[in-house]
$ cat run36.txt   # compact mmCIF, C-alpha atoms (C1' of nucleotides)
# COMPACT_ATOMS: atom_id res chain seq x y z
CA MET A 1 25.74 12.74 26.46
CA ASN A 2 22.83 10.84 27.96
CA GLY A 3 21.61 8.46 30.62
CA THR A 4 22.25 10.27 33.86
CA ALA A 5 23.57 13.37 32.19
CA PRO A 6 20.94 16.07 31.99
CA MET A 7 19.66 16.55 28.50
CA TYR A 8 20.11 20.24 28.83
CA LYS A 9 20.39 20.63 25.11
CA ALA A 10 17.41 18.92 23.68
CA THR A 11 17.65 17.46 20.24
CA GLN A 12 13.92 16.98 20.18
CA ARG A 13 12.76 20.39 21.11
CA PRO A 14 9.13 21.18 21.72
CA GLU A 15 9.59 24.39 19.77
CA ALA A 16 10.75 22.51 16.72
CA GLU A 17 7.27 22.04 15.40
CA ALA A 18 6.43 25.66 16.02
CA GLN A 19 9.56 26.65 14.19
CA LEU A 20 8.61 24.51 11.26
CA ARG A 21 5.41 26.45 11.08
CA THR A 22 7.49 29.59 11.28
CA LEU A 23 9.48 28.25 8.39
CA GLU A 24 6.38 27.86 6.32
CA ARG A 25 5.28 31.34 7.20
CA LEU A 26 8.63 32.69 6.16
CA GLU A 27 8.35 30.97 2.85
CA THR A 28 5.00 32.52 2.24
CA VAL A 29 6.30 35.96 3.07
CA CYS A 30 9.30 35.52 0.81
CA ARG A 31 7.28 34.36 -2.12
CA ALA A 32 4.95 37.29 -1.67
CA ARG A 33 7.99 39.52 -2.15
CA GLY A 34 9.09 37.69 -5.25
CA ARG A 35 11.91 35.93 -3.44
CA ARG A 36 12.15 32.21 -3.83
CA VAL A 37 12.59 29.63 -1.15
CA THR A 38 14.71 26.97 -2.76
CA ARG A 39 16.07 23.60 -1.83
CA GLN A 40 19.41 24.96 -0.74
CA ARG A 41 17.95 27.75 1.32
CA ARG A 42 15.58 25.37 2.99
CA ALA A 43 18.49 23.05 3.72
CA VAL A 44 20.37 25.80 5.50
CA LEU A 45 17.39 26.66 7.62
CA ARG A 46 16.75 23.03 8.45
CA ALA A 47 20.35 22.49 9.44
CA LEU A 48 20.24 25.41 11.83
CA LEU A 49 16.95 24.20 13.17
CA ALA A 50 18.31 20.71 13.73
CA GLU A 51 21.39 22.06 15.45
CA GLY A 52 19.35 24.10 17.86
CA GLY A 53 22.19 26.55 18.26
CA ALA A 54 24.81 28.54 16.43
CA LEU A 55 26.95 27.19 13.62
CA THR A 56 29.75 28.75 11.63
CA ALA A 57 29.28 28.95 7.90
CA TYR A 58 31.72 26.13 7.35
CA GLU A 59 30.19 23.89 9.99
CA LEU A 60 26.94 24.43 8.16
CA LEU A 61 28.66 23.60 4.91
CA GLU A 62 29.85 20.25 6.28
CA ARG A 63 26.32 19.34 7.26
CA LEU A 64 24.89 20.36 3.92
CA ARG A 65 27.50 18.32 2.12
CA VAL A 66 26.24 15.17 3.75
CA GLU A 67 23.08 15.53 1.71
CA ASP A 68 24.45 17.37 -1.28
CA GLY A 69 28.12 17.06 -2.05
CA ARG A 70 28.01 20.04 -4.33
CA SER A 71 27.39 22.61 -1.63
CA THR A 72 29.96 25.41 -1.59
CA PRO A 73 30.94 28.22 0.76
CA ALA A 74 29.48 30.75 -1.62
CA GLY A 75 26.20 28.89 -1.63
CA VAL A 76 26.04 28.75 2.13
CA TYR A 77 26.83 32.42 2.48
CA ARG A 78 24.27 33.30 -0.13
CA ALA A 79 21.60 31.36 1.68
CA LEU A 80 22.59 32.88 5.01
CA GLU A 81 22.50 36.36 3.55
CA PHE A 82 19.08 35.64 2.14
CA TRP A 83 17.70 34.55 5.48
CA MET A 84 19.34 37.36 7.36
CA ALA A 85 17.71 39.82 5.01
CA ALA A 86 14.43 38.09 5.74
CA GLY A 87 15.13 38.37 9.47
CA ALA A 88 15.16 34.63 9.97
CA VAL A 89 18.81 34.21 10.81
CA HIS A 90 21.18 36.25 12.93
CA ARG A 91 24.90 36.45 12.73
CA LEU A 92 26.77 36.31 16.02
CA GLU A 93 29.64 38.66 15.48
CA SER A 94 31.43 37.62 18.63
CA THR A 95 31.66 34.00 17.54
CA ARG A 96 31.43 34.45 13.78
CA SER A 97 28.54 32.08 13.61
CA PHE A 98 24.92 32.00 12.60
CA ILE A 99 21.76 31.13 14.43
CA LEU A 100 18.09 30.78 13.72
CA CYS A 101 16.06 33.76 14.80
CA GLU A 102 13.59 33.00 17.52
CA HIS A 103 11.26 35.86 16.73
CA PRO A 104 11.23 36.15 12.98
CA GLU A 105 8.16 38.34 13.06
CA ALA A 106 9.69 41.12 15.12
CA PRO A 107 12.08 43.23 13.09
CA HIS A 108 13.16 45.11 16.20
CA PRO A 109 16.70 45.42 17.41
CA GLY A 110 17.34 42.42 19.61
CA GLN A 111 19.96 41.26 22.05
CA LEU A 112 21.83 38.01 22.20
CA LEU A 113 23.02 36.44 25.43
CA ILE A 114 25.69 33.85 24.93
CA CYS A 115 26.85 31.25 27.42
CA ARG A 116 30.54 30.65 26.94
CA GLU A 117 30.30 27.25 28.60
CA CYS A 118 27.55 25.48 26.77
CA GLY A 119 27.24 27.78 23.77
CA GLN A 120 23.58 28.41 24.43
CA VAL A 121 22.27 31.58 22.85
CA VAL A 122 19.22 33.37 24.14
CA GLU A 123 17.65 36.01 21.99
CA THR A 124 15.66 38.80 23.56
CA GLU A 125 13.77 41.92 22.59
CA ASP A 126 14.42 43.86 25.73
CA LYS A 127 12.77 47.26 25.68
CA GLY A 128 15.10 48.61 28.33
CA VAL A 129 18.27 47.91 26.41
CA ALA A 130 16.79 49.01 23.11
CA ALA A 131 15.49 52.24 24.59
CA ALA A 132 18.74 53.02 26.36
CA ALA A 133 20.66 52.46 23.14
CA HIS A 134 18.30 54.62 21.17
CA ARG A 135 18.51 57.39 23.74
CA LEU A 136 22.30 57.20 23.66
CA GLY A 137 22.28 57.59 19.90
CA GLU A 138 20.05 60.64 20.12
CA GLN A 139 22.27 62.25 22.71
CA LEU A 140 25.20 61.94 20.36
CA GLY A 141 23.35 63.05 17.26
CA PHE A 142 23.33 59.64 15.61
CA VAL A 143 20.44 58.17 13.70
CA LEU A 144 20.98 54.48 14.36
CA ASP A 145 19.78 51.66 12.19
CA ARG A 146 21.74 48.72 13.46
CA HIS A 147 21.94 47.60 17.06
CA LEU A 148 24.48 44.94 17.76
CA VAL A 149 24.20 43.78 21.35
CA GLU A 150 25.91 40.55 22.32
CA LEU A 151 26.30 39.81 25.99
CA THR A 152 28.58 36.96 26.93
CA GLY A 153 28.87 35.16 30.23
CA VAL A 154 27.79 32.00 31.95
CA CYS A 155 24.20 30.84 32.06
CA GLY A 156 22.38 29.64 35.14
CA SER A 157 22.60 25.93 34.48
CA CYS A 158 26.29 26.04 33.68
CA ARG A 159 26.99 27.92 36.88
CA ALA A 160 25.00 25.37 38.84
CA ARG A 161 26.78 22.48 37.21
CA GLY A 162 30.15 24.20 37.31
CA ARG A 163 30.13 24.63 41.09
CA ALA A 164 30.40 20.89 41.62
CA ALA A 165 32.57 19.23 39.03
CA GLU A 166 34.98 20.35 36.40
CA PRO A 167 34.51 20.79 32.68
CA GLY A 168 33.24 18.56 29.97
CA ARG A 169 32.32 21.52 27.95
CA ARG A 170 31.83 22.55 24.44
CA PRO A 171 32.13 26.28 24.05
CA ALA A 172 30.49 27.34 20.82
CA MET B 1 42.00 52.43 0.98
CA ASN B 2 44.03 54.20 -1.69
CA GLY B 3 46.51 57.01 -2.08
CA THR B 4 44.44 59.40 -4.16
CA ALA B 5 41.67 59.76 -1.60
CA PRO B 6 41.40 63.19 0.04
CA MET B 7 42.98 63.50 3.48
CA TYR B 8 39.81 64.72 5.02
CA LYS B 9 40.55 63.03 8.26
CA ALA B 10 42.75 65.23 10.40
CA THR B 11 46.12 63.81 11.31
CA GLN B 12 46.86 66.49 13.89
CA ARG B 13 44.30 66.11 16.59
CA PRO B 14 44.23 68.22 19.73
CA GLU B 15 43.70 65.13 21.84
CA ALA B 16 46.84 63.58 20.51
CA GLU B 17 49.01 65.02 23.23
CA ALA B 18 46.70 63.87 25.97
CA GLN B 19 46.67 60.43 24.40
CA LEU B 20 50.43 60.34 24.34
CA ARG B 21 50.36 60.93 28.08
CA THR B 22 47.84 58.13 28.31
CA LEU B 23 50.29 56.01 26.41
CA GLU B 24 52.99 56.68 28.95
CA ARG B 25 50.63 55.83 31.76
CA LEU B 26 49.76 52.58 30.04
CA GLU B 27 53.39 51.69 29.75
CA THR B 28 53.91 52.26 33.44
CA VAL B 29 50.97 50.06 34.30
CA CYS B 30 52.13 47.31 31.99
CA ARG B 31 55.63 47.27 33.35
CA ALA B 32 54.27 47.09 36.85
CA ARG B 33 52.57 43.86 35.82
CA GLY B 34 55.70 42.43 34.31
CA ARG B 35 54.48 43.03 30.77
CA ARG B 36 56.83 44.80 28.42
CA VAL B 37 56.07 47.67 26.15
CA THR B 38 58.21 47.03 23.14
CA ARG B 39 59.02 48.81 19.92
CA GLN B 40 56.47 46.87 17.93
CA ARG B 41 53.70 47.32 20.44
CA ARG B 42 54.40 51.00 20.66
CA ALA B 43 54.35 51.19 16.87
CA VAL B 44 50.89 49.64 16.74
CA LEU B 45 49.59 52.10 19.28
CA ARG B 46 51.17 55.05 17.49
CA ALA B 47 49.72 53.98 14.17
CA LEU B 48 46.23 53.81 15.62
CA LEU B 49 46.78 57.14 17.29
CA ALA B 50 47.94 58.71 14.04
CA GLU B 51 44.99 57.30 12.16
CA GLY B 52 42.53 58.73 14.61
CA GLY B 53 40.06 56.00 13.77
CA ALA B 54 39.64 52.32 13.20
CA LEU B 55 41.99 50.18 11.15
CA THR B 56 41.87 46.54 10.18
CA ALA B 57 44.80 44.41 11.24
CA TYR B 58 46.12 44.34 7.71
CA GLU B 59 45.77 48.07 7.19
CA LEU B 60 47.78 48.43 10.34
CA LEU B 61 50.30 45.97 8.99
CA GLU B 62 50.79 48.06 5.84
CA ARG B 63 51.54 51.10 7.93
CA LEU B 64 53.96 49.29 10.18
CA ARG B 65 55.79 47.92 7.19
CA VAL B 66 56.64 51.41 6.04
CA GLU B 67 58.90 51.69 9.07
CA ASP B 68 59.82 48.06 9.54
CA GLY B 69 59.58 45.75 6.60
CA ARG B 70 59.69 42.71 8.82
CA SER B 71 56.29 43.22 10.40
CA THR B 72 53.98 40.25 10.03
CA PRO B 73 50.30 39.54 10.59
CA ALA B 74 51.14 37.45 13.63
CA GLY B 75 53.09 40.33 15.10
CA VAL B 76 50.29 42.78 14.56
CA TYR B 77 47.71 40.47 16.07
CA ARG B 78 49.94 39.78 19.02
CA ALA B 79 50.37 43.47 19.68
CA LEU B 80 46.66 44.08 19.30
CA GLU B 81 45.87 41.27 21.66
CA PHE B 82 48.30 42.71 24.15
CA TRP B 83 46.71 46.15 24.06
CA MET B 84 43.21 44.77 24.15
CA ALA B 85 44.10 42.86 27.28
CA ALA B 86 45.42 46.10 28.71
CA GLY B 87 42.18 47.82 27.74
CA ALA B 88 43.90 50.25 25.40
CA VAL B 89 42.46 48.97 22.15
CA HIS B 90 39.02 47.78 21.20
CA ARG B 91 38.03 45.48 18.45
CA LEU B 92 35.04 46.52 16.39
CA GLU B 93 33.33 43.27 15.61
CA SER B 94 30.97 44.78 13.11
CA THR B 95 33.79 46.06 10.91
CA ARG B 96 36.54 43.66 11.92
CA SER B 97 38.80 46.51 12.81
CA PHE B 98 40.63 47.93 15.78
CA ILE B 99 40.58 51.29 17.44
CA LEU B 100 42.34 53.08 20.24
CA CYS B 101 40.37 53.18 23.44
CA GLU B 102 39.36 56.64 24.49
CA HIS B 103 39.04 55.82 28.16
CA PRO B 104 41.80 53.38 28.95
CA GLU B 105 41.35 53.92 32.66
CA ALA B 106 37.77 52.71 32.79
CA PRO B 107 37.51 48.93 32.52
CA HIS B 108 33.74 49.20 32.32
CA PRO B 109 31.63 47.80 29.57
CA GLY B 110 31.46 50.46 26.89
CA GLN B 111 29.46 51.14 23.78
CA LEU B 112 30.63 52.05 20.34
CA LEU B 113 28.67 54.24 17.97
CA ILE B 114 29.77 53.92 14.40
CA CYS B 115 28.98 56.26 11.54
CA ARG B 116 28.66 54.27 8.37
CA GLU B 117 29.33 57.34 6.23
CA CYS B 118 32.54 58.78 7.63
CA GLY B 119 33.67 55.83 9.70
CA GLN B 120 33.80 57.89 12.85
CA VAL B 121 33.62 55.85 16.03
CA VAL B 122 32.45 57.32 19.30
CA GLU B 123 33.09 55.39 22.44
CA THR B 124 30.85 55.86 25.43
CA GLU B 125 30.41 54.54 28.94
CA ASP B 126 26.69 54.98 29.13
CA LYS B 127 25.30 53.94 32.47
CA GLY B 128 21.83 53.48 31.06
CA VAL B 129 22.81 50.96 28.45
CA ALA B 130 25.21 49.14 30.76
CA ALA B 131 22.61 48.93 33.51
CA ALA B 132 19.89 47.74 31.17
CA ALA B 133 22.18 45.05 29.83
CA HIS B 134 23.19 43.94 33.28
CA ARG B 135 19.58 43.80 34.39
CA LEU B 136 18.69 41.75 31.33
CA GLY B 137 21.43 39.29 32.18
CA GLU B 138 20.16 38.91 35.72
CA GLN B 139 16.62 38.33 34.55
CA LEU B 140 17.84 35.44 32.44
CA GLY B 141 20.16 33.99 35.02
CA PHE B 142 23.36 34.95 33.23
CA VAL B 143 26.47 36.27 34.88
CA LEU B 144 27.86 38.46 32.14
CA ASP B 145 31.45 39.43 31.71
CA ARG B 146 31.53 40.76 28.20
CA HIS B 147 29.30 43.44 26.81
CA LEU B 148 29.51 43.96 23.11
CA VAL B 149 27.43 46.94 22.08
CA GLU B 150 27.99 48.41 18.65
CA LEU B 151 25.44 50.85 17.33
CA THR B 152 25.68 51.76 13.69
CA GLY B 153 24.03 54.63 11.87
CA VAL B 154 24.78 58.08 10.55
CA CYS B 155 26.32 60.80 12.66
CA GLY B 156 25.10 64.37 12.88
CA SER B 157 27.64 65.97 10.58
CA CYS B 158 27.19 63.37 7.89
CA ARG B 159 23.44 63.83 7.97
CA ALA B 160 23.90 67.59 7.69
CA ARG B 161 26.32 67.21 4.81
CA GLY B 162 24.38 64.40 3.19
CA ARG B 163 21.21 66.45 2.81
CA ALA B 164 22.89 68.71 0.27
CA ALA B 165 25.35 66.86 -1.93
CA GLU B 166 26.04 63.32 -2.96
CA PRO B 167 28.59 60.81 -1.76
CA GLY B 168 32.35 60.75 -1.81
CA ARG B 169 32.51 58.53 1.17
CA ARG B 170 34.67 55.95 2.71
CA PRO B 171 32.77 53.75 5.15
CA ALA B 172 35.28 52.21 7.56
C1' DG C 1 3.74 23.26 -23.51
C1' DC C 2 6.90 27.19 -25.32
C1' DG C 3 9.92 30.38 -24.73
C1' DC C 4 11.20 34.68 -22.30
C1' DT C 5 13.28 36.76 -18.25
C1' DG C 6 15.30 37.27 -14.12
C1' DA C 7 16.62 34.71 -9.99
C1' DT C 8 19.46 31.17 -8.42
C1' DT C 9 23.01 27.85 -8.49
C1' DG C 10 27.51 25.42 -9.51
C1' DA C 11 32.14 25.71 -10.06
C1' DT C 12 36.21 27.87 -9.46
C1' DA C 13 39.24 31.05 -7.88
C1' DC C 14 40.65 34.20 -4.72
C1' DA C 15 40.54 37.87 -0.96
C1' DA C 16 40.50 38.95 3.80
C1' DT C 17 41.07 37.73 8.46
C1' DA C 18 43.43 35.12 12.03
C1' DT C 19 46.35 31.53 14.33
C1' DA C 20 50.16 27.79 15.03
C1' DT C 21 54.80 26.62 15.50
C1' DC C 22 59.43 26.98 16.59
C1' DA C 23 64.01 28.83 16.45
C1' DT C 24 66.04 33.17 17.79
C1' DT C 25 66.44 37.47 20.15
C1' DT C 26 65.60 40.71 23.74
C1' DC C 27 64.60 42.24 28.36
C1' DG C 28 64.75 42.45 33.28
C1' DC C 29 67.03 40.94 37.05
C1' DG C 30 70.05 38.89 40.39
C1' DC D 1 77.68 38.70 33.03
C1' DG D 2 74.38 35.08 32.48
C1' DC D 3 69.87 33.02 33.48
C1' DG D 4 64.98 32.49 32.41
C1' DA D 5 60.87 34.46 30.89
C1' DA D 6 58.87 37.23 27.40
C1' DA D 7 58.69 38.70 22.90
C1' DT D 8 59.83 38.52 18.05
C1' DG D 9 60.79 36.80 13.25
C1' DA D 10 59.82 33.74 9.87
C1' DT D 11 57.03 30.64 7.84
C1' DA D 12 53.17 28.09 7.11
C1' DT D 13 48.49 27.37 7.43
C1' DA D 14 43.70 27.77 9.13
C1' DT D 15 39.41 30.20 8.96
C1' DT D 16 36.09 33.22 7.10
C1' DG D 17 34.03 35.53 3.26
C1' DT D 18 33.57 37.29 -1.98
C1' DA D 19 33.90 37.67 -7.04
C1' DT D 20 32.94 35.89 -11.43
C1' DC D 21 30.54 33.80 -14.97
C1' DA D 22 28.43 30.17 -17.34
C1' DA D 23 24.64 26.97 -16.70
C1' DT D 24 20.15 26.11 -14.84
C1' DC D 25 15.74 26.82 -12.89
C1' DA D 26 11.19 29.03 -11.61
C1' DG D 27 7.50 31.79 -12.68
C1' DC D 28 4.79 34.00 -16.25
C1' DG D 29 2.43 35.43 -20.39
C1' DC D 30 0.95 33.34 -24.27
$ encode --input "run36.txt" --output "structure tokens"
Amino acid sequence: MNGTAPMYKATQRPEAEAQLRTLERLETVCRARGRRVTRQRRAVLRALLAEGGALTAYELLERLRVEDGRSTPAGVYRALEFWMAAGAVHRLESTRSFILCEHPEAPHPGQLLICRECGQVVETEDKGVAAAAHRLGEQLGFVLDRHLVELTGVCGSCRARGRAAEPGRRPA
Amino acid sequence: MNGTAPMYKATQRPEAEAQLRTLERLETVCRARGRRVTRQRRAVLRALLAEGGALTAYELLERLRVEDGRSTPAGVYRALEFWMAAGAVHRLESTRSFILCEHPEAPHPGQLLICRECGQVVETEDKGVAAAAHRLGEQLGFVLDRHLVELTGVCGSCRARGRAAEPGRRPA
DNA sequence: GCGCTGATTGATACAATATATCATTTCGCG
DNA sequence: CGCGAAATGATATATTGTATCAATCAGCGC
């Protein structure tokens, strides 16, 4: 996982600091709404932040248990639900996992692009896709309030790497 | 979900006959590929056809058991997997249920519009959405091979009905 | 600081969804 | 018929997600 191997999945990400600020901002917003940001909730967010990618609820649970043996599935799901309501976490339906939101300020319908090789998830706010979806809904008489768009494939770096050698992968 | 609920969802649909022809066509295609269309698989398809909407795997199982008490979860999932591979059934990730494909000939990426009031699911092959998604993938260097687009909201008839009276609903 | 109140957690149990394994049966075919 | 691949049956188990309720905690007015 290091040395010559490309550190394509940074553990020390430059965005980390920015996301910590985001975290603080989220807390402020929550408190303003009378919601509390507690130890457990913070722990969930930190675990996702540290992972830098998607985790299933039970993977998350394992990590939380390292620090607090009393963590339970219910607790994890409650925290995840809390953050999803706040727009800070997304659920990836296609992999049944959860990931930190990269644009917690924008409450718009987003899209998720998932690399099946390395598990990388890219979140976008593409106007084109959103508009096309909205138009489609109108055509069919629907008033839409939830846009689930998950596009799966292979990312650029995995294709580049894949051409040469064979796998040493970790699909999410 | 229970026996006392009103049968508001038609069991005799005009499209049923056309879909039965589709079924035959599917069987032909499958056989040509060396896949078999068996009693159990046919039963799964017929149950979905009769329902006229989405069913979870276990709802499906209940129905199958009426005719064959030996049906098991594994069997149902195997049949569903088979038909999904053949493009005849879709899985709705957002509701963890399965539905008959309305355009089994087209292997294109489709979209599903889901009414949260009546559970109706409309399947489309919208060029606009598909193109926008494809373009987005290109921009980000992804080669996509799976497009999951599920748009949830309220359909026209439910909005019309909803204005007047109050609920008696059954979200899928 | 005290005590009220509602939010949150801990603990436990359980529901819902999905897959693994392996012996047996069925199907298509020569 | 009889072979081999495909499919099933039966069973067990893994994974994912909720319900319940008592105990605790955080904020708030006093």
$ atom_distance --input "run36.txt" --atom1 "CA of Asp145 in chain B" --atom2 "CA of Thr152 in chain A"
6.1 Å
$ interface_residues --input "run36.txt" --of "chain A" --to "chain D" --cutoff "12 Å" --atoms "all atoms listed in the file" --output "JSON, numbers by chain"
{"A": [31, 34, 35, 36, 37, 38, 39, 56, 57, 58, 59, 72, 73, 74, 75, 76, 77, 78, 80, 81, 93, 95, 96, 97]}
$ closest_atom_pairs --input "run36.txt" --of "chain C" --to "chain B" --cutoff "12 Å" --atoms "only C-alpha atoms (C1' of nucleotides)" --output "CSV"
residue,atom,partner,partner_atom,distance
C:DA16,C1',B:Tyr58,CA,8.7
C:DT17,C1',B:Ala57,CA,8.1
C:DA18,C1',B:Tyr77,CA,8.0
C:DT19,C1',B:Ala74,CA,7.6
C:DA20,C1',B:Ala74,CA,9.8
C:DT21,C1',B:Ala74,CA,11.6
C:DT26,C1',B:Thr38,CA,9.7
C:DC27,C1',B:Arg36,CA,8.2
C:DG28,C1',B:Gly34,CA,9.1
C:DC29,C1',B:Gly34,CA,11.8
$ atom_distance --input "run36.txt" --atom1 "CA of Cys155 in chain B" --atom2 "CA of Leu55 in chain B"
19.0 Å
$ interface_residues --input "run36.txt" --of "chain A" --to "chain B" --cutoff "8 Å" --atoms "all atoms listed in the file" --output "MDAnalysis selection string"
chainID A and resid 93:94 113 115 126 128:129 132:133 136:137 140:156
$ atom_distance --input "run36.txt" --atom1 "C1' of DT9 in chain C" --atom2 "CA of Ile99 in chain A"
23.2 Å
$ residues_around --input "run36.txt" --residues "Trp83 in chain A" --least-positions-apart "3" --cutoff "10 Å" --atoms "all atoms listed in the file" --output "MDAnalysis selection string"
chainID A and resid 26 30 37 41:42 44:45 77:80 86:90 100:101
$ residues_around --input "run36.txt" --residues "Asp68 in chain A" --least-positions-apart "6" --cutoff "10 Å" --atoms "all atoms listed in the file" --output "list in words"
Gln40, Ala43, Leu61 and Glu62 of chain A
$ decode --input "run36.txt" --residues "range 46-72 of chain B" --atoms "N, CA and C atoms" --output "compact mmCIF listing (two decimals), in the first residue's frame"
# COMPACT_ATOMS: atom_id res chain seq x y z
N ARG B 46 -44.78 -14.36 -13.29
CA ARG B 46 -46.23 -14.25 -13.28
C ARG B 46 -46.72 -13.50 -12.06
N ALA B 47 -46.07 -13.73 -10.94
CA ALA B 47 -46.50 -13.04 -9.71
C ALA B 47 -46.29 -11.53 -9.85
N LEU B 48 -45.17 -11.15 -10.42
CA LEU B 48 -44.91 -9.73 -10.62
C LEU B 48 -45.90 -9.15 -11.63
N LEU B 49 -46.19 -9.92 -12.62
CA LEU B 49 -47.14 -9.49 -13.64
C LEU B 49 -48.51 -9.29 -13.02
N ALA B 50 -48.92 -10.24 -12.20
CA ALA B 50 -50.23 -10.17 -11.56
C ALA B 50 -50.31 -8.97 -10.61
N GLU B 51 -49.22 -8.71 -9.93
CA GLU B 51 -49.21 -7.60 -8.99
C GLU B 51 -49.35 -6.28 -9.71
N GLY B 52 -48.70 -6.17 -10.85
CA GLY B 52 -48.77 -4.92 -11.59
C GLY B 52 -47.96 -3.82 -10.94
N GLY B 53 -47.08 -4.17 -10.04
CA GLY B 53 -46.25 -3.16 -9.40
C GLY B 53 -45.07 -3.83 -8.74
N ALA B 54 -44.46 -3.11 -7.83
CA ALA B 54 -43.25 -3.63 -7.20
C ALA B 54 -43.58 -4.51 -6.00
N LEU B 55 -42.75 -5.50 -5.78
CA LEU B 55 -42.87 -6.38 -4.63
C LEU B 55 -41.49 -6.60 -4.04
N THR B 56 -41.42 -6.73 -2.72
CA THR B 56 -40.15 -7.13 -2.13
C THR B 56 -39.99 -8.63 -2.34
N ALA B 57 -38.77 -9.09 -2.16
CA ALA B 57 -38.49 -10.50 -2.38
C ALA B 57 -39.36 -11.37 -1.47
N TYR B 58 -39.58 -10.90 -0.26
CA TYR B 58 -40.34 -11.72 0.68
C TYR B 58 -41.85 -11.65 0.44
N GLU B 59 -42.30 -10.54 -0.09
CA GLU B 59 -43.71 -10.47 -0.50
C GLU B 59 -43.94 -11.47 -1.63
N LEU B 60 -43.00 -11.48 -2.53
CA LEU B 60 -43.04 -12.40 -3.66
C LEU B 60 -43.05 -13.84 -3.12
N LEU B 61 -42.19 -14.08 -2.16
CA LEU B 61 -42.09 -15.41 -1.58
C LEU B 61 -43.45 -15.87 -1.03
N GLU B 62 -44.12 -14.98 -0.29
CA GLU B 62 -45.44 -15.31 0.24
C GLU B 62 -46.38 -15.79 -0.86
N ARG B 63 -46.39 -15.02 -1.94
CA ARG B 63 -47.28 -15.36 -3.05
C ARG B 63 -46.92 -16.69 -3.67
N LEU B 64 -45.65 -16.93 -3.84
CA LEU B 64 -45.24 -18.19 -4.45
C LEU B 64 -45.62 -19.37 -3.56
N ARG B 65 -45.58 -19.13 -2.28
CA ARG B 65 -45.84 -20.23 -1.35
C ARG B 65 -47.29 -20.68 -1.37
N VAL B 66 -48.15 -19.80 -1.84
CA VAL B 66 -49.55 -20.19 -1.97
C VAL B 66 -49.65 -21.37 -2.93
N GLU B 67 -48.86 -21.32 -3.98
CA GLU B 67 -48.92 -22.38 -4.99
C GLU B 67 -47.93 -23.50 -4.72
N ASP B 68 -46.80 -23.14 -4.13
CA ASP B 68 -45.79 -24.15 -3.87
C ASP B 68 -45.13 -23.88 -2.53
N GLY B 69 -45.53 -24.63 -1.56
CA GLY B 69 -45.08 -24.42 -0.20
C GLY B 69 -43.59 -24.57 0.01
N ARG B 70 -42.90 -25.07 -1.00
CA ARG B 70 -41.48 -25.31 -0.82
C ARG B 70 -40.60 -24.14 -1.24
N SER B 71 -41.23 -23.08 -1.72
CA SER B 71 -40.43 -21.92 -2.15
C SER B 71 -39.61 -21.37 -0.99
N THR B 72 -38.42 -20.92 -1.29
CA THR B 72 -37.52 -20.39 -0.27
C THR B 72 -36.97 -19.03 -0.70
